[in-house]
$ cat work19.cif   # mmCIF, N, CA and C atoms
data_work
#
loop_
_atom_site.label_atom_id
_atom_site.label_comp_id
_atom_site.auth_asym_id
_atom_site.auth_seq_id
_atom_site.Cartn_x
_atom_site.Cartn_y
_atom_site.Cartn_z
N MET A 1 -80.93 9.66 44.59
CA MET A 1 -80.14 10.64 43.87
C MET A 1 -79.20 9.91 42.90
N GLU A 2 -79.21 10.34 41.66
CA GLU A 2 -78.36 9.70 40.66
C GLU A 2 -76.93 10.17 40.78
N LYS A 3 -76.03 9.23 40.59
CA LYS A 3 -74.60 9.52 40.61
C LYS A 3 -74.00 9.09 39.28
N HIS A 4 -72.82 9.60 39.00
CA HIS A 4 -72.15 9.30 37.74
C HIS A 4 -71.15 8.17 37.98
N TYR A 5 -71.27 7.08 37.22
CA TYR A 5 -70.41 5.92 37.37
C TYR A 5 -69.71 5.61 36.05
N GLU A 6 -68.59 4.90 36.17
CA GLU A 6 -67.88 4.38 35.01
C GLU A 6 -67.46 2.95 35.34
N THR A 7 -67.81 2.03 34.46
CA THR A 7 -67.44 0.63 34.65
C THR A 7 -66.58 0.19 33.47
N VAL A 8 -65.40 -0.33 33.78
CA VAL A 8 -64.50 -0.89 32.78
C VAL A 8 -64.59 -2.41 32.92
N CYS A 9 -64.73 -3.08 31.80
CA CYS A 9 -64.92 -4.53 31.84
C CYS A 9 -64.01 -5.18 30.80
N ILE A 10 -63.45 -6.34 31.15
CA ILE A 10 -62.63 -7.14 30.23
C ILE A 10 -63.34 -8.47 30.04
N VAL A 11 -63.62 -8.81 28.78
CA VAL A 11 -64.32 -10.04 28.44
C VAL A 11 -63.35 -10.94 27.67
N ARG A 12 -63.52 -12.25 27.83
CA ARG A 12 -62.70 -13.21 27.08
C ARG A 12 -62.87 -13.00 25.59
N THR A 13 -61.82 -13.19 24.84
CA THR A 13 -61.89 -12.98 23.39
C THR A 13 -62.26 -14.26 22.63
N ASP A 14 -62.15 -15.40 23.26
CA ASP A 14 -62.40 -16.66 22.56
C ASP A 14 -63.89 -17.02 22.47
N ILE A 15 -64.78 -16.16 22.95
CA ILE A 15 -66.21 -16.48 22.95
C ILE A 15 -66.91 -16.03 21.68
N GLY A 16 -66.27 -15.21 20.86
CA GLY A 16 -66.87 -14.77 19.62
C GLY A 16 -67.44 -13.36 19.72
N GLU A 17 -67.59 -12.76 18.55
CA GLU A 17 -68.03 -11.36 18.48
C GLU A 17 -69.47 -11.18 18.97
N GLU A 18 -70.36 -12.13 18.63
CA GLU A 18 -71.77 -12.00 19.05
C GLU A 18 -71.91 -12.09 20.56
N ALA A 19 -71.14 -12.97 21.20
CA ALA A 19 -71.22 -13.10 22.65
C ALA A 19 -70.67 -11.86 23.36
N ILE A 20 -69.67 -11.23 22.76
CA ILE A 20 -69.13 -10.00 23.33
C ILE A 20 -70.17 -8.88 23.24
N LYS A 21 -70.82 -8.77 22.08
CA LYS A 21 -71.89 -7.77 21.91
C LYS A 21 -73.04 -8.04 22.88
N ALA A 22 -73.35 -9.33 23.10
CA ALA A 22 -74.42 -9.68 24.03
C ALA A 22 -74.07 -9.28 25.46
N ALA A 23 -72.80 -9.43 25.86
CA ALA A 23 -72.36 -9.03 27.20
C ALA A 23 -72.50 -7.52 27.38
N ILE A 24 -72.15 -6.77 26.35
CA ILE A 24 -72.29 -5.31 26.41
C ILE A 24 -73.77 -4.93 26.50
N GLN A 25 -74.61 -5.60 25.71
CA GLN A 25 -76.04 -5.30 25.72
C GLN A 25 -76.68 -5.66 27.06
N LYS A 26 -76.26 -6.77 27.67
CA LYS A 26 -76.79 -7.14 28.99
C LYS A 26 -76.40 -6.11 30.04
N SER A 27 -75.18 -5.58 29.93
CA SER A 27 -74.73 -4.55 30.87
C SER A 27 -75.57 -3.28 30.72
N ARG A 28 -75.82 -2.90 29.49
CA ARG A 28 -76.68 -1.72 29.24
C ARG A 28 -78.07 -1.94 29.80
N ALA A 29 -78.63 -3.12 29.53
CA ALA A 29 -79.99 -3.43 29.98
C ALA A 29 -80.10 -3.44 31.51
N ALA A 30 -79.04 -3.89 32.18
CA ALA A 30 -79.06 -3.93 33.65
C ALA A 30 -79.16 -2.52 34.22
N VAL A 31 -78.41 -1.59 33.65
CA VAL A 31 -78.43 -0.21 34.14
C VAL A 31 -79.76 0.46 33.79
N GLU A 32 -80.19 0.32 32.54
CA GLU A 32 -81.42 0.97 32.10
C GLU A 32 -82.65 0.35 32.75
N GLY A 33 -82.59 -0.93 33.10
CA GLY A 33 -83.71 -1.61 33.73
C GLY A 33 -84.02 -1.08 35.12
N LEU A 34 -83.04 -0.52 35.78
CA LEU A 34 -83.25 0.04 37.13
C LEU A 34 -83.30 1.56 37.10
N GLY A 35 -83.64 2.12 35.96
CA GLY A 35 -83.84 3.57 35.88
C GLY A 35 -82.59 4.37 35.61
N GLY A 36 -81.48 3.74 35.27
CA GLY A 36 -80.25 4.45 34.97
C GLY A 36 -80.26 5.00 33.55
N ARG A 37 -79.35 5.91 33.30
CA ARG A 37 -79.25 6.54 31.98
C ARG A 37 -77.82 6.35 31.48
N ILE A 38 -77.67 5.68 30.34
CA ILE A 38 -76.36 5.43 29.74
C ILE A 38 -75.87 6.72 29.10
N ASP A 39 -74.68 7.15 29.48
CA ASP A 39 -74.08 8.35 28.89
C ASP A 39 -73.28 7.98 27.65
N ARG A 40 -72.45 6.93 27.76
CA ARG A 40 -71.57 6.55 26.65
C ARG A 40 -71.08 5.12 26.85
N VAL A 41 -70.96 4.39 25.75
CA VAL A 41 -70.34 3.06 25.76
C VAL A 41 -69.18 3.10 24.79
N ASP A 42 -67.98 2.87 25.29
CA ASP A 42 -66.78 2.85 24.45
C ASP A 42 -66.28 1.41 24.35
N GLU A 43 -66.14 0.93 23.14
CA GLU A 43 -65.55 -0.39 22.93
C GLU A 43 -64.09 -0.19 22.56
N TRP A 44 -63.21 -0.53 23.48
CA TRP A 44 -61.78 -0.35 23.24
C TRP A 44 -61.22 -1.47 22.36
N GLY A 45 -61.90 -2.58 22.32
CA GLY A 45 -61.48 -3.67 21.46
C GLY A 45 -60.55 -4.65 22.15
N ARG A 46 -59.94 -5.48 21.32
CA ARG A 46 -59.05 -6.54 21.79
C ARG A 46 -57.69 -5.93 22.15
N ARG A 47 -57.25 -6.21 23.38
CA ARG A 47 -55.96 -5.71 23.84
C ARG A 47 -55.23 -6.79 24.62
N LYS A 48 -53.93 -6.66 24.61
CA LYS A 48 -53.10 -7.60 25.37
C LYS A 48 -53.15 -7.22 26.84
N LEU A 49 -53.28 -8.22 27.70
CA LEU A 49 -53.31 -7.98 29.15
C LEU A 49 -51.89 -7.76 29.66
N ALA A 50 -51.76 -7.03 30.74
CA ALA A 50 -50.45 -6.76 31.33
C ALA A 50 -49.82 -8.04 31.90
N TYR A 51 -50.68 -8.94 32.35
CA TYR A 51 -50.22 -10.23 32.88
C TYR A 51 -51.34 -11.23 32.63
N PRO A 52 -51.03 -12.52 32.56
CA PRO A 52 -52.08 -13.51 32.28
C PRO A 52 -53.11 -13.57 33.41
N ILE A 53 -54.39 -13.59 33.02
CA ILE A 53 -55.49 -13.74 33.96
C ILE A 53 -56.30 -14.94 33.50
N GLN A 54 -56.47 -15.92 34.36
CA GLN A 54 -57.19 -17.15 34.04
C GLN A 54 -56.61 -17.80 32.77
N LYS A 55 -55.30 -17.77 32.65
CA LYS A 55 -54.55 -18.33 31.52
C LYS A 55 -54.90 -17.67 30.19
N LYS A 56 -55.35 -16.44 30.24
CA LYS A 56 -55.66 -15.65 29.05
C LYS A 56 -54.66 -14.51 28.94
N ASN A 57 -54.18 -14.25 27.72
CA ASN A 57 -53.20 -13.18 27.51
C ASN A 57 -53.80 -11.93 26.89
N GLU A 58 -55.05 -12.01 26.40
CA GLU A 58 -55.70 -10.83 25.85
C GLU A 58 -57.18 -10.86 26.18
N GLY A 59 -57.79 -9.66 26.11
CA GLY A 59 -59.20 -9.54 26.42
C GLY A 59 -59.83 -8.43 25.61
N PHE A 60 -61.15 -8.42 25.57
CA PHE A 60 -61.90 -7.37 24.88
C PHE A 60 -62.37 -6.39 25.95
N TYR A 61 -61.93 -5.14 25.82
CA TYR A 61 -62.24 -4.10 26.80
C TYR A 61 -63.43 -3.28 26.34
N PHE A 62 -64.31 -2.92 27.28
CA PHE A 62 -65.33 -1.92 27.01
C PHE A 62 -65.59 -1.12 28.28
N VAL A 63 -66.03 0.13 28.08
CA VAL A 63 -66.26 1.07 29.18
C VAL A 63 -67.68 1.59 29.05
N ILE A 64 -68.41 1.61 30.16
CA ILE A 64 -69.76 2.17 30.20
C ILE A 64 -69.78 3.33 31.18
N ASN A 65 -70.15 4.51 30.70
CA ASN A 65 -70.38 5.68 31.56
C ASN A 65 -71.87 5.83 31.71
N TYR A 66 -72.35 5.97 32.95
CA TYR A 66 -73.79 6.05 33.16
C TYR A 66 -74.12 6.83 34.42
N PHE A 67 -75.36 7.30 34.46
CA PHE A 67 -75.91 7.98 35.63
C PHE A 67 -76.99 7.07 36.20
N SER A 68 -76.90 6.75 37.48
CA SER A 68 -77.90 5.87 38.08
C SER A 68 -77.86 5.99 39.59
N LYS A 69 -78.82 5.32 40.19
CA LYS A 69 -78.81 5.19 41.64
C LYS A 69 -77.81 4.09 41.99
N PRO A 70 -77.33 4.06 43.22
CA PRO A 70 -76.33 3.04 43.60
C PRO A 70 -76.82 1.61 43.40
N GLU A 71 -78.13 1.38 43.48
CA GLU A 71 -78.66 0.02 43.31
C GLU A 71 -78.38 -0.52 41.91
N ALA A 72 -78.45 0.34 40.90
CA ALA A 72 -78.18 -0.10 39.53
C ALA A 72 -76.71 -0.46 39.35
N SER A 73 -75.83 0.30 39.98
CA SER A 73 -74.41 0.00 39.90
C SER A 73 -74.10 -1.34 40.57
N LYS A 74 -74.72 -1.59 41.71
CA LYS A 74 -74.52 -2.86 42.40
C LYS A 74 -75.07 -4.04 41.60
N GLU A 75 -76.20 -3.82 40.94
CA GLU A 75 -76.78 -4.88 40.12
C GLU A 75 -75.88 -5.20 38.93
N LEU A 76 -75.33 -4.17 38.29
CA LEU A 76 -74.41 -4.40 37.18
C LEU A 76 -73.20 -5.18 37.64
N GLU A 77 -72.63 -4.81 38.78
CA GLU A 77 -71.47 -5.55 39.31
C GLU A 77 -71.83 -6.99 39.63
N ARG A 78 -73.03 -7.22 40.15
CA ARG A 78 -73.47 -8.58 40.46
C ARG A 78 -73.56 -9.42 39.19
N LEU A 79 -74.12 -8.85 38.13
CA LEU A 79 -74.22 -9.58 36.86
C LEU A 79 -72.84 -9.86 36.26
N LEU A 80 -71.93 -8.90 36.35
CA LEU A 80 -70.59 -9.12 35.81
C LEU A 80 -69.82 -10.16 36.62
N LYS A 81 -70.05 -10.17 37.93
CA LYS A 81 -69.34 -11.13 38.80
C LYS A 81 -69.72 -12.57 38.46
N TYR A 82 -70.99 -12.81 38.14
CA TYR A 82 -71.45 -14.17 37.87
C TYR A 82 -71.37 -14.55 36.40
N ASN A 83 -70.95 -13.67 35.53
CA ASN A 83 -70.79 -13.98 34.11
C ASN A 83 -69.42 -14.63 33.91
N GLU A 84 -69.39 -15.84 33.42
CA GLU A 84 -68.14 -16.59 33.25
C GLU A 84 -67.25 -16.01 32.17
N ASP A 85 -67.83 -15.23 31.25
CA ASP A 85 -67.04 -14.66 30.16
C ASP A 85 -66.29 -13.40 30.57
N VAL A 86 -66.62 -12.83 31.70
CA VAL A 86 -65.97 -11.61 32.18
C VAL A 86 -64.72 -11.99 32.95
N ILE A 87 -63.59 -11.43 32.52
CA ILE A 87 -62.32 -11.71 33.19
C ILE A 87 -62.15 -10.78 34.39
N ARG A 88 -62.34 -9.50 34.20
CA ARG A 88 -62.22 -8.48 35.26
C ARG A 88 -63.19 -7.34 34.98
N TYR A 89 -63.54 -6.63 36.05
CA TYR A 89 -64.34 -5.41 35.92
C TYR A 89 -64.01 -4.49 37.07
N GLN A 90 -64.25 -3.22 36.88
CA GLN A 90 -64.00 -2.21 37.92
C GLN A 90 -65.00 -1.09 37.73
N THR A 91 -65.68 -0.71 38.79
CA THR A 91 -66.63 0.40 38.76
C THR A 91 -66.13 1.50 39.68
N VAL A 92 -66.14 2.72 39.17
CA VAL A 92 -65.76 3.88 39.98
C VAL A 92 -66.85 4.92 39.87
N ARG A 93 -67.04 5.67 40.95
CA ARG A 93 -67.99 6.77 40.93
C ARG A 93 -67.23 8.02 40.57
N LEU A 94 -67.70 8.73 39.57
CA LEU A 94 -67.05 9.95 39.12
C LEU A 94 -67.67 11.15 39.83
N GLU A 95 -66.86 12.17 40.07
CA GLU A 95 -67.39 13.37 40.68
C GLU A 95 -68.18 14.15 39.65
N SER A 96 -69.22 14.81 40.11
CA SER A 96 -69.98 15.65 39.19
C SER A 96 -69.18 16.90 38.87
N PHE A 97 -69.59 17.60 37.83
CA PHE A 97 -68.85 18.80 37.43
C PHE A 97 -68.93 19.88 38.49
N GLU A 98 -70.04 20.00 39.18
CA GLU A 98 -70.19 21.03 40.21
C GLU A 98 -69.27 20.74 41.39
N ALA A 99 -69.14 19.47 41.76
CA ALA A 99 -68.30 19.12 42.90
C ALA A 99 -66.82 19.24 42.55
N ALA A 100 -66.48 19.14 41.27
CA ALA A 100 -65.08 19.20 40.86
C ALA A 100 -64.55 20.63 40.80
N LYS A 101 -65.44 21.62 40.76
CA LYS A 101 -64.99 23.00 40.69
C LYS A 101 -64.34 23.40 42.01
N PRO A 102 -63.20 24.09 41.95
CA PRO A 102 -62.59 24.53 43.21
C PRO A 102 -63.43 25.62 43.85
N LYS A 103 -63.56 25.53 45.15
CA LYS A 103 -64.32 26.53 45.88
C LYS A 103 -63.45 27.76 46.12
N LYS A 104 -64.10 28.89 46.36
CA LYS A 104 -63.35 30.10 46.66
C LYS A 104 -62.59 29.90 47.95
N GLU A 105 -61.34 30.28 47.91
CA GLU A 105 -60.54 30.16 49.13
C GLU A 105 -60.91 31.27 50.08
N GLU A 106 -61.18 30.89 51.29
CA GLU A 106 -61.48 31.88 52.30
C GLU A 106 -60.18 32.27 52.98
N THR A 107 -59.94 33.56 53.10
CA THR A 107 -58.73 34.01 53.77
C THR A 107 -58.96 33.94 55.27
N PRO A 108 -58.07 33.29 55.97
CA PRO A 108 -58.26 33.17 57.42
C PRO A 108 -58.10 34.54 58.09
N VAL A 109 -58.93 34.77 59.06
CA VAL A 109 -58.88 36.03 59.79
C VAL A 109 -57.85 35.87 60.89
N GLN A 110 -56.87 36.79 60.91
CA GLN A 110 -55.83 36.72 61.92
C GLN A 110 -56.27 37.53 63.13
N ALA A 111 -56.07 36.95 64.28
CA ALA A 111 -56.44 37.64 65.52
C ALA A 111 -55.42 38.74 65.80
N ALA A 112 -55.93 39.85 66.24
CA ALA A 112 -55.06 40.97 66.60
C ALA A 112 -54.37 40.66 67.91
N PRO A 113 -53.09 41.04 68.07
CA PRO A 113 -52.41 40.76 69.33
C PRO A 113 -53.04 41.58 70.46
N ALA A 114 -53.03 41.01 71.63
CA ALA A 114 -53.60 41.68 72.81
C ALA A 114 -52.76 42.91 73.14
N ALA A 115 -53.39 43.88 73.73
CA ALA A 115 -52.69 45.12 74.10
C ALA A 115 -51.60 44.81 75.11
N GLY A 116 -50.44 45.35 74.87
CA GLY A 116 -49.32 45.15 75.79
C GLY A 116 -48.59 43.85 75.57
N ALA A 117 -48.89 43.11 74.51
CA ALA A 117 -48.24 41.84 74.28
C ALA A 117 -46.89 42.02 73.60
N GLU A 118 -46.63 43.19 73.04
CA GLU A 118 -45.36 43.42 72.39
C GLU A 118 -44.38 44.02 73.38
N ASP A 119 -43.13 43.60 73.28
CA ASP A 119 -42.11 44.21 74.12
C ASP A 119 -41.42 45.31 73.32
N ALA A 120 -40.38 45.86 73.85
CA ALA A 120 -39.71 47.00 73.23
C ALA A 120 -39.11 46.64 71.87
N GLY A 121 -38.78 45.40 71.63
CA GLY A 121 -38.17 44.98 70.37
C GLY A 121 -39.19 44.80 69.26
N GLY A 122 -40.47 44.89 69.54
CA GLY A 122 -41.49 44.74 68.52
C GLY A 122 -41.92 43.29 68.31
N GLU A 123 -41.34 42.37 69.07
CA GLU A 123 -41.72 40.97 68.95
C GLU A 123 -42.75 40.64 70.01
N LEU A 124 -43.51 39.62 69.73
CA LEU A 124 -44.51 39.19 70.69
C LEU A 124 -43.82 38.59 71.90
N ALA A 125 -44.28 38.98 73.07
CA ALA A 125 -43.71 38.42 74.30
C ALA A 125 -44.14 36.97 74.43
N GLY A 126 -43.22 36.10 74.75
CA GLY A 126 -43.51 34.69 74.95
C GLY A 126 -43.62 33.91 73.64
N ALA A 127 -43.22 34.50 72.52
CA ALA A 127 -43.34 33.81 71.25
C ALA A 127 -42.02 33.17 70.89
N ASN A 128 -41.37 32.59 71.84
CA ASN A 128 -40.09 31.93 71.63
C ASN A 128 -40.37 30.51 71.14
N LEU A 129 -40.03 30.22 69.89
CA LEU A 129 -40.39 28.95 69.29
C LEU A 129 -39.48 27.80 69.70
N GLN A 130 -38.29 28.09 70.23
CA GLN A 130 -37.40 27.02 70.63
C GLN A 130 -37.73 26.51 72.02
N GLY A 131 -38.63 27.10 72.71
CA GLY A 131 -39.01 26.62 74.02
C GLY A 131 -38.15 27.20 75.13
N ARG A 132 -37.26 28.13 74.83
CA ARG A 132 -36.45 28.74 75.88
C ARG A 132 -37.26 29.81 76.58
N GLN A 133 -37.06 29.92 77.84
CA GLN A 133 -37.74 30.97 78.59
C GLN A 133 -36.75 32.07 78.88
N GLU A 134 -37.20 33.29 78.72
CA GLU A 134 -36.31 34.43 78.93
C GLU A 134 -36.54 35.03 80.28
#
$ encode --input "work19.cif" --output "structure tokens"
Amino acid sequence: MEKHYETVCIVRTDIGEEAIKAAIQKSRAAVEGLGGRIDRVDEWGRRKLAYPIQKKNEGFYFVINYFSKPEASKELERLLKYNEDVIRYQTVRLESFEAAKPKKEETPVQAAPAAGAEDAGGELAGANLQGRQE
């Protein structure tokens, strides 16, 4: 069963534009090679990192949205893990649109009080919430 995934990846900027494009193309090929379907590839470009990673202060960000079986997602992560040009990556599974819709709330059925459970005051007998016995 295909699931919807999103992978965010940060690549070193000192490797050149062609190597960055090659990393994106390898990621696409890994997903498509195992029967996945690429929904969208967003290149966010060069951005400053929040903190230095591997003595680097900036990276090239790209995001891949795709539909695939879990094996394709694992293969993509394996390729990114062993690629020396990749600084960080993160893959998340997105919920499908059908699963994200709120379900109809079912109103709980309240049980009717047993006959004779009410005393003269109209309150339920024994429904003392403080634990005092009368």
$ atom_distance --input "work19.cif" --atom1 "atom N of Arg12 (chain A)" --atom2 "atom N of Leu80 (chain A)"
12.4 Å
$ atom_distance --input "work19.cif" --atom1 "CA of Leu49 (chain A)" --atom2 "CA of Ile10 (chain A)"
9.4 Å
$ atom_distance --input "work19.cif" --atom1 "atom C of Tyr5 (chain A)" --atom2 "atom N of Tyr82 (chain A)"
18.6 Å
$ closest_residue --input "work19.cif" --among "A:Arg47, A:Arg40, A:Lys81, A:His4" --to "Lys69 (chain A)" --atoms "only C-alpha atoms"
A:His4
$ closest_residue --input "work19.cif" --among "A:Ile64, A:Ala72, A:Ile20, A:Ala30" --to "Glu84 (chain A)" --atoms "only C-alpha atoms"
A:Ile20
$ residues_around --input "work19.cif" --residues "region 59-61 of chain A" --least-positions-apart "2" --cutoff "6.5 Å" --atoms "only N, CA and C atoms" --output "ChimeraX atom specification"
/A:9-13,42-49,56-57,63
$ resolve_selection --input "work19.cif" --expression "the PyMOL selection byres (((chain A and resi 93 and name CA) around 7) and name CA)" --output "VMD selection string"
chain A and resid 4 to 6 91 to 92 94 to 95
$ closest_residue --input "work19.cif" --among "A:Ile24, A:Ala29, A:Ala19, A:Ile38" --to "Phe62 (chain A)" --atoms "only N, CA and C atoms"
A:Ile24
$ closest_residue --input "work19.cif" --among "A:Lys26, A:Lys21, A:Arg78, A:Lys3" --to "Gln90 (chain A)" --atoms "only C-alpha atoms"
A:Arg78
$ axis_aligned_box --input "work19.cif" --around "region 76-84 of chain A" --padding-each-side "3 Å" --output "lines of an AutoDock Vina configuration file"
center_x = -71.3
center_y = -10.4
center_z = 36.3
size_x = 14.1
size_y = 18.4
size_z = 14.3
$ select_by_dssp --input "work19.cif" --residues "region 24-108 of chain A" --states "strand (DSSP E)" --output "ChimeraX atom specification"
/A:37-53,56-68,86-94
$ closest_residue --input "work19.cif" --among "A:Val31, A:Ile15, A:Ile87, A:Ile53" --to "Glu71 (chain A)" --atoms "all atoms listed in the file"
A:Val31
